[in-house]
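Everything on this sheet refers to the single structure shown next.
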There are 2 protein chains.
Amino acid sequence: MNSEILLAPELTLIDERFERGVAVGIDAETGLITRVTSGTVGAVPLPRRALVPGFVNVHSHSFQRAIRGRTEHRTGAEYDTFWTWREKMYHVAQSLTPEDIHDVARMAFLEMTLAGITTVGEFHYLHHQPDGTPYADPNETAKAILTAAQEVGIGIVLLQCGYTRGGFDRPLHPGQRRFCTPSADVFCANLESLRAEARVGVAPHSFRAVPLDYARQLHAYSRRHELPFHMHISEQPRENAETLAEHGETPLDLLAREHMLDRRFTAVHAVHITDREIDELGAAEANVCACPTTERNLGDGIIRADRLFSRGVTIGFGSDSQIQIAPLEDARALEYHLRLDRLERVALADAHDTRESALATRLWRCATESGSRSLGIDAGTIRSGAMADLFTIDLDDVSIADAEDDALISSIVFSLERTAIRDVWIAGRPIVKERHHPLAGEIVSRFQKLQRRLWT
Amino acid sequence: MNSEILLAPELTLIDERFERGVAVGIDAETGLITRVTSGTVGAVPLPRRALVPGFVNVHSHSFQRAIRGRTEHRTGAEYDTFWTWREKMYHVAQSLTPEDIHDVARMAFLEMTLAGITTVGEFHYLHHQPDGTPYADPNETAKAILTAAQEVGIGIVLLQCGYTRGGFDRPLHPGQRRFCTPSADVFCANLESLRAEARVGVAPHSFRAVPLDYARQLHAYSRRHELPFHMHISEQPRENAETLAEHGETPLDLLAREHMLDRRFTAVHAVHITDREIDELGAAEANVCACPTTERNLGDGIIRADRLFSRGVTIGFGSDSQIQIAPLEDARALEYHLRLDRLERVALADAHDTRESALATRLWRCATESGSRSLGIDAGTIRSGAMADLFTIDLDDVSIADAEDDALISSIVFSLERTAIRDVWIAGRPIVKERHHPLAGEIVSRFQKLQRRLWT
């Protein structure tokens, strides 16, 4: 196996423990981890480095990187909310050419690799021209995003988003025209041709944006091909009110009745859901994608991760609006928002589990293994045969430097700064070396040109 | 003025705006900014860098860096809180020699400089030997911390903490013995000799930990010498209950009646306070030190910064427990916790103020100018005659790279990663160059040795 590279870090995260004297073989041809061995002969030594599995970013709208820092002010409305933010987001969504979509996606994906993210689930809805007319190639913008991921070197699962309407009995907002593919058959035909060249998932936007029949057809397609099935669920109370008005049920109750909840399903956000809906997610062994850094920025609310865990629901993280691209800040916020709500500490560790690493390990798994499950990939863990998606942590970085014992994972989850993330391998290929990505200069300068055009 | 160095960054933050073509003169002999000029002849060019004033860290317990990552687990108690955390913190506080206190302080101060912090307010209470016996020099540990700051090169205001008891009618906890200086006269005598060699402030720990008369004497001393007067206020509901039980009033009501509230006063935390107490702080033009990254970690609660601002209270930030040393994460949390509470956006900008930079500028001022006011120093702003405490931001860092317009301050406050912080000058001296501090290796390795001894 002469395309194998053997890495010998000082510490390697295997399951829940940092092990010494372990070497990890990776192969850029297969993209997989070839072996995890105690023999380090011929290995590349990585002194003062811990080797860990890459983060999986379950829910990304890469184009929203273009509005970072552009929506943190009063708009003149009586009070600002998710809905006033959405107006500005739509304005930018309308202004982007396929080339722009490629350029901003590269910018977001570049930052993701520097943050240790090795696979992104891109929830894609900028499908058509601003007036809603499909491009000559109906998958032109999807392909622009796939090209961006390929150029940056990040793994991607394209979560193709279905969208048909502004809401129950509500006409399309002008800013939504380019999202819409009215026919589910056309949507599935477009996705079928994409599926030949990329890892994909099926994502009816929400029950606000699609009628039940449309969701049924997309779900049937996802079941036939065993694809991930993602949907925005209860990010804002108003979504629930609209679904209740149209269907007499909340989104997850409706999905449960329709037998659309299973291990392939991911509820994105799931902030405003009932105990019964949490039980339904648990019974179906379904996934939730929490986006706490976005949800705190948009004023969405606090996800009840404690109850979700207690019912066996798997929780992954998404950078969503890209206000921050920081999976561990999402992990902290998932825990901390509950501490603030209860005025207690250690909200997400089981009461009987007093192991020092219990809470941090659970949060770390959310950012890695759980995200992989949600996207239907075999990553987020260091194991022979899994994807060779890895990064190194500098054990002497001031944010985590400490004795290398059971407390290390807690220091990493609760205190690590990006300066500690040094080298990143994706599918066995070195993508970031000592925090440097070879395309960074070009990607950033093109993005800066785009921003000047958009905002001045 | 041949000891002047003239810096010519691409952008310079003057008041609320990033200006081009400005040069800033700094003098390591006086420690001050000599001039802010449009003439850049002979200046050191800083291309692709923004020059900004350093952060001021109002409230630090540097020794608590030793428990980072060591308290994020269940202890076996029915539920974990601030009070179970405190047990572990006391255990470590008891274990540290003056040399250890120096070593852990250097580690915390090193990270602060790399985070752009140029002055720290060290709230110091590890005064005596573990059994409470004073050291031969009663200021030995204070001097160990001052030496640590001097070696790292960070500015420091030593907030000498007065402590006499475990609580109203409650004996000393064994872990509190070394904090206690029963006589206010002795406390003031010790502080008097420190005052000759360092910038100091007076800090009765809290109304739990000192009787009213003791607080009165310390306040009289602080008034006589016009020193900052800091006190922990209402971090936990229990503190209020105890003060009510002893005095029939809440802490701030008591301070107001005693005429101890003025511009020199800083209430640390002030989470659980009434509308009347907020009005009292505003009427006195007093300061609050919020520590949101600590308060979310300890489950203290959410500070009502909106009402505090509306009453004209000045809010600064403290890294407190050192779980994170990240002033901008404190800024985000101050705003975001209110967004989650209200399910609205832009909680801390005035309704009528729709300037794109309004909210970010207010939060930035908290981390700089307001902190300076709380510590009684002239820093946190780029102005001739102010302290030459500055750092540079890499305008091409992926976390903030964008067009350089009014949105830049928002990108910095809401999205900046530590990788963007490059060079730091403190009192006119270059302390960090391209993210490198010359003592980093030695400081980290000594800290790692200390941690191994403490935890294994």
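Chain labels run A, B, ... following the order of the structure tokens; each chain numbers its residues from 1, and ligands are numbered from 1 in the order shown.
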
Run DSSP on the backbone and grab whatever in region 24-260 of chain A lands in alpha helix (DSSP H); send it over as a PyMOL selection string. chain A and resi 82-95+98-114+140-152+184-195+212-224+237-247+251-257

Contact check, region 238-337 of chain B to region 342-354 of chain A, at most 9 Å, counting only C-alpha atoms, closest pairs as a Markdown table:
| residue | atom | partner | partner_atom | distance |
| --- | --- | --- | --- | --- |
| B:Arg296 | CA | A:Leu343 | CA | 8.8 |
| B:Asn297 | CA | A:Arg345 | CA | 7.0 |
| B:Leu298 | CA | A:Arg345 | CA | 6.0 |
| B:Gly299 | CA | A:Leu343 | CA | 4.4 |
| B:Asp300 | CA | A:Leu343 | CA | 5.6 |
| B:Gly301 | CA | A:Leu343 | CA | 6.0 |

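Ranking A:Pro228, A:Pro438, A:Pro45, A:Pro237 by their shortest atom-to-atom distance to chain B, with only C-alpha atoms included, puts A:Pro237 first.
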
Find the nearest atom pair between each residue of chain B and chain A for residues within 7 Å, count only C-alpha atoms, give distances in Å to one decimal, sort rows by chain and ascending number, and present the table as CSV.
residue,atom,partner,partner_atom,distance
B:Arg68,CA,A:Ser411,CA,6.4
B:Gly69,CA,A:Ser411,CA,4.3
B:Arg70,CA,A:Ala407,CA,5.9
B:Glu72,CA,A:Val346,CA,6.3
B:His73,CA,A:Glu356,CA,5.3
B:Arg74,CA,A:Thr354,CA,4.8
B:Thr75,CA,A:Thr354,CA,5.8
B:Gly76,CA,A:Thr354,CA,6.2
B:Asp80,CA,A:Arg345,CA,5.1
B:Thr81,CA,A:Glu344,CA,4.7
B:Glu111,CA,A:Val398,CA,5.9
B:Arg296,CA,A:Tyr336,CA,5.5
B:Asn297,CA,A:Tyr336,CA,6.1
B:Leu298,CA,A:Arg345,CA,6.0
B:Gly299,CA,A:Leu343,CA,4.4
B:Asp300,CA,A:Leu343,CA,5.6
B:Gly301,CA,A:Leu340,CA,5.0
B:Ile302,CA,A:Leu340,CA,6.7
B:Ile323,CA,A:Ser415,CA,6.2
B:Gln324,CA,A:Ser415,CA,5.5
B:Tyr336,CA,A:Arg296,CA,5.5
B:Arg339,CA,A:Gly299,CA,4.8
B:Leu340,CA,A:Gly301,CA,5.0
B:Leu343,CA,A:Gly299,CA,4.4
B:Glu344,CA,A:Thr81,CA,4.7
B:Arg345,CA,A:Thr81,CA,5.0
B:Val346,CA,A:His73,CA,6.0
B:Ala349,CA,A:Arg74,CA,7.0
B:Ala351,CA,A:Arg74,CA,6.6
B:His352,CA,A:Gly76,CA,6.9
B:Asp353,CA,A:Arg74,CA,6.7
B:Thr354,CA,A:Arg74,CA,4.8
B:Arg355,CA,A:His73,CA,6.8
B:Glu356,CA,A:His73,CA,5.3
B:Ser357,CA,A:His73,CA,7.0
B:Ala358,CA,A:His73,CA,6.7
B:Leu359,CA,A:His73,CA,6.1
B:Asp396,CA,A:Val444,CA,6.9
B:Val398,CA,A:Glu111,CA,5.9
B:Ala401,CA,A:Gln448,CA,6.8
B:Asp402,CA,A:Gln448,CA,5.0
B:Ala403,CA,A:Arg452,CA,5.4
B:Ala407,CA,A:Gly69,CA,5.8
B:Ser410,CA,A:Gly69,CA,4.7
B:Ser411,CA,A:Gly69,CA,4.3
B:Phe414,CA,A:Gly69,CA,6.8
B:Ser415,CA,A:Gln324,CA,5.5
B:Glu417,CA,A:Arg418,CA,6.8
B:Arg418,CA,A:Thr419,CA,6.7
B:Thr419,CA,A:Thr419,CA,5.6
B:Val444,CA,A:Asp396,CA,6.9
B:Gln448,CA,A:Asp402,CA,5.0
B:Gln451,CA,A:Ala403,CA,5.8
B:Arg452,CA,A:Ala403,CA,5.4

Assign secondary structure with DSSP using the backbone only, and return the residues of region 46-141 of chain B in strand (DSSP E or B) as number ranges by chain. B: 46-53, 55-60, 80, 117-124

Store the residues of this selection in a file with C-alpha atoms, as a CSV table (one decimal), in the first residue's frame.
chain,number,residue,atom,x,y,z
B,46,LEU,CA,1.7,48.2,8.7
B,47,PRO,CA,0.1,47.0,5.4
B,48,ARG,CA,-3.2,45.0,5.7
B,49,ARG,CA,-3.3,45.8,9.4
B,50,ALA,CA,-5.9,47.7,11.5
B,51,LEU,CA,-4.5,49.3,14.6
B,52,VAL,CA,-6.9,49.3,17.6
B,53,PRO,CA,-6.6,50.1,21.3
B,55,PHE,CA,-8.6,45.4,25.6
B,56,VAL,CA,-8.9,46.1,29.3
B,57,ASN,CA,-9.6,43.0,31.5
B,58,VAL,CA,-11.4,44.5,34.5
B,59,HIS,CA,-11.7,41.3,36.7
B,60,SER,CA,-9.2,38.4,36.7
B,80,ASP,CA,-24.0,21.1,40.2
B,117,ILE,CA,-5.5,42.5,26.4
B,118,THR,CA,-3.1,45.2,27.5
B,119,THR,CA,-4.1,45.8,31.1
B,120,VAL,CA,-5.5,43.4,33.7
B,121,GLY,CA,-7.3,44.2,36.9
B,122,GLU,CA,-6.2,41.3,39.1
B,123,PHE,CA,-8.7,40.7,42.0
B,124,HIS,CA,-6.3,39.2,44.4

Would you mind listing what lies within 12 Å of region 211-226 of chain A as a PyMOL selection string, with only C-alpha atoms counted and same-chain residues fewer than 6 positions away left out? chain A and resi 159-170+181-189+191-192+195-196+199-205+242-243+246-247+249+251+254-255+257-265+375-377

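What separates CA of Arg177 (chain A) from CA of Ala241 (chain A) is a distance of 23.4 Å.
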
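Taking CA of Ile315 (chain A) and CA of Ser370 (chain A) as the two end points, the separation is 6.0 Å.
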
Can you pull out the residues contacting Asp275 (chain A)? Cut-off 10 Å, using only C-alpha atoms, and skip same-chain residues under 5 positions away; I want them as number ranges by chain. A: 280-281, 304, 307-308, 311

Output all heavy atoms for every residue in that selection, as a PDB file, in the first residue's frame.
ATOM      1  N   GLU A 280     -41.028  11.578  19.768  1.00  0.00           N
ATOM      2  CA  GLU A 280     -41.136  11.044  18.407  1.00  0.00           C
ATOM      3  C   GLU A 280     -39.770  10.970  17.731  1.00  0.00           C
ATOM      4  O   GLU A 280     -39.444   9.963  17.087  1.00  0.00           O
ATOM      5  CB  GLU A 280     -42.096  11.917  17.581  1.00  0.00           C
ATOM      6  CG  GLU A 280     -43.564  11.737  17.974  1.00  0.00           C
ATOM      7  CD  GLU A 280     -44.462  12.897  17.545  1.00  0.00           C
ATOM      8  OE1 GLU A 280     -43.942  13.931  17.047  1.00  0.00           O
ATOM      9  OE2 GLU A 280     -45.682  12.795  17.734  1.00  0.00           O
ATOM     10  N   LEU A 281     -38.970  12.004  17.915  1.00  0.00           N
ATOM     11  CA  LEU A 281     -37.605  11.983  17.346  1.00  0.00           C
ATOM     12  C   LEU A 281     -36.797  10.838  17.942  1.00  0.00           C
ATOM     13  O   LEU A 281     -36.082  10.124  17.233  1.00  0.00           O
ATOM     14  CB  LEU A 281     -36.890  13.313  17.611  1.00  0.00           C
ATOM     15  CG  LEU A 281     -37.331  14.524  16.793  1.00  0.00           C
ATOM     16  CD1 LEU A 281     -36.689  15.794  17.348  1.00  0.00           C
ATOM     17  CD2 LEU A 281     -36.951  14.346  15.320  1.00  0.00           C
ATOM     18  N   ARG A 304     -33.611  22.392  23.657  1.00  0.00           N
ATOM     19  CA  ARG A 304     -33.673  21.600  24.896  1.00  0.00           C
ATOM     20  C   ARG A 304     -32.858  20.321  24.723  1.00  0.00           C
ATOM     21  O   ARG A 304     -33.373  19.198  24.700  1.00  0.00           O
ATOM     22  CB  ARG A 304     -35.121  21.326  25.242  1.00  0.00           C
ATOM     23  CG  ARG A 304     -35.839  22.640  25.643  1.00  0.00           C
ATOM     24  CD  ARG A 304     -37.323  22.518  25.517  1.00  0.00           C
ATOM     25  NE  ARG A 304     -37.827  21.523  26.460  1.00  0.00           N
ATOM     26  CZ  ARG A 304     -38.908  20.784  26.232  1.00  0.00           C
ATOM     27  NH1 ARG A 304     -39.566  20.907  25.087  1.00  0.00           N
ATOM     28  NH2 ARG A 304     -39.321  19.915  27.126  1.00  0.00           N
ATOM     29  N   ARG A 307     -33.257  17.237  27.240  1.00  0.00           N
ATOM     30  CA  ARG A 307     -34.354  16.295  27.017  1.00  0.00           C
ATOM     31  C   ARG A 307     -34.131  15.466  25.740  1.00  0.00           C
ATOM     32  O   ARG A 307     -34.435  14.276  25.698  1.00  0.00           O
ATOM     33  CB  ARG A 307     -35.689  17.033  26.956  1.00  0.00           C
ATOM     34  CG  ARG A 307     -36.867  16.089  27.031  1.00  0.00           C
ATOM     35  CD  ARG A 307     -38.206  16.812  27.079  1.00  0.00           C
ATOM     36  NE  ARG A 307     -39.290  15.817  27.089  1.00  0.00           N
ATOM     37  CZ  ARG A 307     -39.914  15.419  28.185  1.00  0.00           C
ATOM     38  NH1 ARG A 307     -39.580  15.913  29.365  1.00  0.00           N
ATOM     39  NH2 ARG A 307     -40.888  14.510  28.109  1.00  0.00           N
ATOM     40  N   LEU A 308     -33.581  16.099  24.711  1.00  0.00           N
ATOM     41  CA  LEU A 308     -33.295  15.366  23.469  1.00  0.00           C
ATOM     42  C   LEU A 308     -32.315  14.219  23.744  1.00  0.00           C
ATOM     43  O   LEU A 308     -32.534  13.084  23.312  1.00  0.00           O
ATOM     44  CB  LEU A 308     -32.738  16.314  22.419  1.00  0.00           C
ATOM     45  CG  LEU A 308     -33.769  17.257  21.786  1.00  0.00           C
ATOM     46  CD1 LEU A 308     -33.093  18.456  21.138  1.00  0.00           C
ATOM     47  CD2 LEU A 308     -34.622  16.510  20.759  1.00  0.00           C
ATOM     48  N   ARG A 311     -33.801  11.263  25.499  1.00  0.00           N
ATOM     49  CA  ARG A 311     -34.666  10.413  24.663  1.00  0.00           C
ATOM     50  C   ARG A 311     -33.870   9.725  23.560  1.00  0.00           C
ATOM     51  O   ARG A 311     -34.438   9.129  22.652  1.00  0.00           O
ATOM     52  CB  ARG A 311     -35.798  11.243  24.057  1.00  0.00           C
ATOM     53  CG  ARG A 311     -36.776  11.791  25.080  1.00  0.00           C
ATOM     54  CD  ARG A 311     -37.415  10.683  25.911  1.00  0.00           C
ATOM     55  NE  ARG A 311     -38.446  11.194  26.809  1.00  0.00           N
ATOM     56  CZ  ARG A 311     -38.217  11.688  28.028  1.00  0.00           C
ATOM     57  NH1 ARG A 311     -36.981  11.714  28.503  1.00  0.00           N
ATOM     58  NH2 ARG A 311     -39.213  12.144  28.778  1.00  0.00           N
TER      59      ARG A 311
END

Selection near Val424 (chain B), 8 Å with only C-alpha atoms, sequence-local residues under 2 positions removed, as a tab-separated table (two decimals) with N, CA and C atoms, in the first residue's frame:
chain	number	residue	atom	x	y	z
B	54	GLY	N	-5.87	48.41	22.87
B	54	GLY	CA	-5.89	47.12	23.55
B	54	GLY	C	-7.12	46.97	24.43
B	113	THR	N	-2.20	38.65	26.73
B	113	THR	CA	-1.53	39.49	25.73
B	113	THR	C	-1.81	38.96	24.32
B	114	LEU	N	-1.85	37.64	24.17
B	114	LEU	CA	-2.11	37.06	22.84
B	114	LEU	C	-3.56	37.27	22.42
B	116	GLY	N	-5.00	40.18	22.96
B	116	GLY	CA	-5.13	41.62	22.74
B	116	GLY	C	-5.39	42.42	24.00
B	118	THR	N	-4.28	44.42	27.17
B	118	THR	CA	-3.06	45.17	27.48
B	118	THR	C	-2.98	45.60	28.96
B	389	ASP	N	-1.19	51.47	24.48
B	389	ASP	CA	-1.63	50.07	24.57
B	389	ASP	C	-2.43	49.77	23.32
B	390	LEU	N	-1.86	48.98	22.42
B	390	LEU	CA	-2.42	48.83	21.09
B	390	LEU	C	-2.22	47.42	20.57
B	391	PHE	N	-3.08	46.99	19.65
B	391	PHE	CA	-2.75	45.76	18.90
B	391	PHE	C	-3.22	45.89	17.45
B	392	THR	N	-2.70	45.00	16.62
B	392	THR	CA	-3.07	45.01	15.21
B	392	THR	C	-3.96	43.83	14.88
B	422	ARG	N	-2.37	40.09	15.84
B	422	ARG	CA	-0.99	39.83	15.39
B	422	ARG	C	0.09	40.45	16.27
B	426	ILE	N	2.39	47.31	24.57
B	426	ILE	CA	1.88	47.69	25.87
B	426	ILE	C	2.81	48.75	26.46
B	430	PRO	N	6.89	46.76	22.32
B	430	PRO	CA	6.37	45.61	21.56
B	430	PRO	C	6.43	44.35	22.42
B	431	ILE	N	5.25	43.77	22.73
B	431	ILE	CA	5.18	42.60	23.61
B	431	ILE	C	4.92	41.33	22.81
B	432	VAL	N	4.07	41.41	21.81
B	432	VAL	CA	3.75	40.27	20.95
B	432	VAL	C	4.03	40.70	19.51
B	433	LYS	N	4.79	39.87	18.78
B	433	LYS	CA	5.08	40.14	17.36
B	433	LYS	C	4.59	38.97	16.53

Contact residues around region 3-9 of chain B with only C-alpha atoms at 9 Å, ignoring same-chain residues under 6 positions, as number ranges by chain: B: 20-29, 33-35, 40-51, 392, 428

For the selection you just gave me, I'd like the residues written to a file as an mmCIF file, in the first residue's frame, keeping C-alpha atoms.
data_model
loop_
_atom_site.group_PDB
_atom_site.id
_atom_site.type_symbol
_atom_site.label_atom_id
_atom_site.label_comp_id
_atom_site.auth_asym_id
_atom_site.auth_seq_id
_atom_site.Cartn_x
_atom_site.Cartn_y
_atom_site.Cartn_z
ATOM 1 C CA ARG B 20 -6.874 55.607 6.490
ATOM 2 C CA GLY B 21 -3.555 57.426 6.183
ATOM 3 C CA VAL B 22 -3.146 57.986 9.909
ATOM 4 C CA ALA B 23 0.112 57.423 11.811
ATOM 5 C CA VAL B 24 0.315 56.822 15.556
ATOM 6 C CA GLY B 25 3.414 57.727 17.545
ATOM 7 C CA ILE B 26 4.255 55.685 20.640
ATOM 8 C CA ASP B 27 6.999 56.147 23.219
ATOM 9 C CA ALA B 28 8.298 53.260 25.331
ATOM 10 C CA GLU B 29 9.929 55.712 27.775
ATOM 11 C CA ILE B 33 0.824 57.787 22.593
ATOM 12 C CA THR B 34 2.862 60.807 21.485
ATOM 13 C CA ARG B 35 0.713 61.867 18.535
ATOM 14 C CA THR B 40 3.410 59.119 7.830
ATOM 15 C CA VAL B 41 6.982 60.107 6.831
ATOM 16 C CA GLY B 42 9.475 57.877 8.630
ATOM 17 C CA ALA B 43 6.696 55.695 9.959
ATOM 18 C CA VAL B 44 6.805 51.894 10.138
ATOM 19 C CA PRO B 45 4.246 50.791 7.531
ATOM 20 C CA LEU B 46 1.741 48.151 8.687
ATOM 21 C CA PRO B 47 0.068 47.044 5.432
ATOM 22 C CA ARG B 48 -3.165 45.023 5.705
ATOM 23 C CA ARG B 49 -3.322 45.772 9.423
ATOM 24 C CA ALA B 50 -5.861 47.702 11.461
ATOM 25 C CA LEU B 51 -4.489 49.346 14.609
ATOM 26 C CA THR B 392 -3.066 45.012 15.205
ATOM 27 C CA GLY B 428 4.726 51.605 23.983
#

Find the residues near Ile273 (chain B): any atom within 9 Å, counting only C-alpha atoms, skip ones fewer than 2 places away on the same chain, and give them as a PDB file with N, CA, C and O atoms, in the first residue's frame.
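Writing done, so here's selection-v3.pdb:
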ATOM      1  N   ILE B 233     -20.869  41.696  43.415  1.00  0.00           N
ATOM      2  CA  ILE B 233     -22.249  42.046  43.739  1.00  0.00           C
ATOM      3  C   ILE B 233     -23.215  41.079  43.052  1.00  0.00           C
ATOM      4  O   ILE B 233     -23.206  40.957  41.822  1.00  0.00           O
ATOM      5  N   SER B 234     -23.987  40.345  43.839  1.00  0.00           N
ATOM      6  CA  SER B 234     -25.133  39.598  43.312  1.00  0.00           C
ATOM      7  C   SER B 234     -24.780  38.706  42.123  1.00  0.00           C
ATOM      8  O   SER B 234     -25.468  38.706  41.111  1.00  0.00           O
ATOM      9  N   ASN B 240     -27.527  37.699  47.812  1.00  0.00           N
ATOM     10  CA  ASN B 240     -28.540  38.703  48.165  1.00  0.00           C
ATOM     11  C   ASN B 240     -29.290  38.291  49.415  1.00  0.00           C
ATOM     12  O   ASN B 240     -29.525  39.098  50.313  1.00  0.00           O
ATOM     13  N   THR B 250     -30.415  44.768  50.120  1.00  0.00           N
ATOM     14  CA  THR B 250     -29.566  44.094  49.134  1.00  0.00           C
ATOM     15  C   THR B 250     -28.229  44.850  49.039  1.00  0.00           C
ATOM     16  O   THR B 250     -28.144  46.013  49.455  1.00  0.00           O
ATOM     17  N   PRO B 251     -27.196  44.224  48.475  1.00  0.00           N
ATOM     18  CA  PRO B 251     -25.861  44.843  48.473  1.00  0.00           C
ATOM     19  C   PRO B 251     -25.836  46.261  47.908  1.00  0.00           C
ATOM     20  O   PRO B 251     -25.264  47.172  48.532  1.00  0.00           O
ATOM     21  N   LEU B 252     -26.451  46.497  46.763  1.00  0.00           N
ATOM     22  CA  LEU B 252     -26.353  47.843  46.174  1.00  0.00           C
ATOM     23  C   LEU B 252     -27.196  48.865  46.934  1.00  0.00           C
ATOM     24  O   LEU B 252     -26.802  50.037  47.043  1.00  0.00           O
ATOM     25  N   ALA B 270     -23.176  41.765  39.141  1.00  0.00           N
ATOM     26  CA  ALA B 270     -24.454  42.491  39.177  1.00  0.00           C
ATOM     27  C   ALA B 270     -25.524  41.788  38.339  1.00  0.00           C
ATOM     28  O   ALA B 270     -26.253  42.420  37.581  1.00  0.00           O
ATOM     29  N   VAL B 271     -25.599  40.475  38.490  1.00  0.00           N
ATOM     30  CA  VAL B 271     -26.566  39.703  37.693  1.00  0.00           C
ATOM     31  C   VAL B 271     -27.963  39.757  38.307  1.00  0.00           C
ATOM     32  O   VAL B 271     -28.945  39.999  37.603  1.00  0.00           O
ATOM     33  N   ASP B 275     -34.480  46.718  39.691  1.00  0.00           N
ATOM     34  CA  ASP B 275     -34.542  47.960  38.920  1.00  0.00           C
ATOM     35  C   ASP B 275     -34.041  49.136  39.756  1.00  0.00           C
ATOM     36  O   ASP B 275     -33.319  50.008  39.246  1.00  0.00           O
ATOM     37  N   ARG B 276     -34.403  49.150  41.044  1.00  0.00           N
ATOM     38  CA  ARG B 276     -33.960  50.272  41.876  1.00  0.00           C
ATOM     39  C   ARG B 276     -32.441  50.280  41.990  1.00  0.00           C
ATOM     40  O   ARG B 276     -31.796  51.327  41.902  1.00  0.00           O
ATOM     41  N   GLU B 277     -31.848  49.090  42.144  1.00  0.00           N
ATOM     42  CA  GLU B 277     -30.378  49.029  42.252  1.00  0.00           C
ATOM     43  C   GLU B 277     -29.723  49.512  40.951  1.00  0.00           C
ATOM     44  O   GLU B 277     -28.696  50.187  40.985  1.00  0.00           O
ATOM     45  N   ILE B 278     -30.330  49.179  39.819  1.00  0.00           N
ATOM     46  CA  ILE B 278     -29.792  49.669  38.534  1.00  0.00           C
ATOM     47  C   ILE B 278     -29.870  51.192  38.491  1.00  0.00           C
ATOM     48  O   ILE B 278     -28.918  51.869  38.089  1.00  0.00           O
ATOM     49  N   ILE B 303     -26.993  38.985  32.798  1.00  0.00           N
ATOM     50  CA  ILE B 303     -26.990  40.374  33.259  1.00  0.00           C
ATOM     51  C   ILE B 303     -27.923  41.204  32.373  1.00  0.00           C
ATOM     52  O   ILE B 303     -27.989  41.002  31.162  1.00  0.00           O
ATOM     53  N   ARG B 304     -28.646  42.156  32.994  1.00  0.00           N
ATOM     54  CA  ARG B 304     -29.623  42.973  32.255  1.00  0.00           C
ATOM     55  C   ARG B 304     -28.926  44.211  31.700  1.00  0.00           C
ATOM     56  O   ARG B 304     -29.190  45.345  32.110  1.00  0.00           O
TER      57      ARG B 304
END
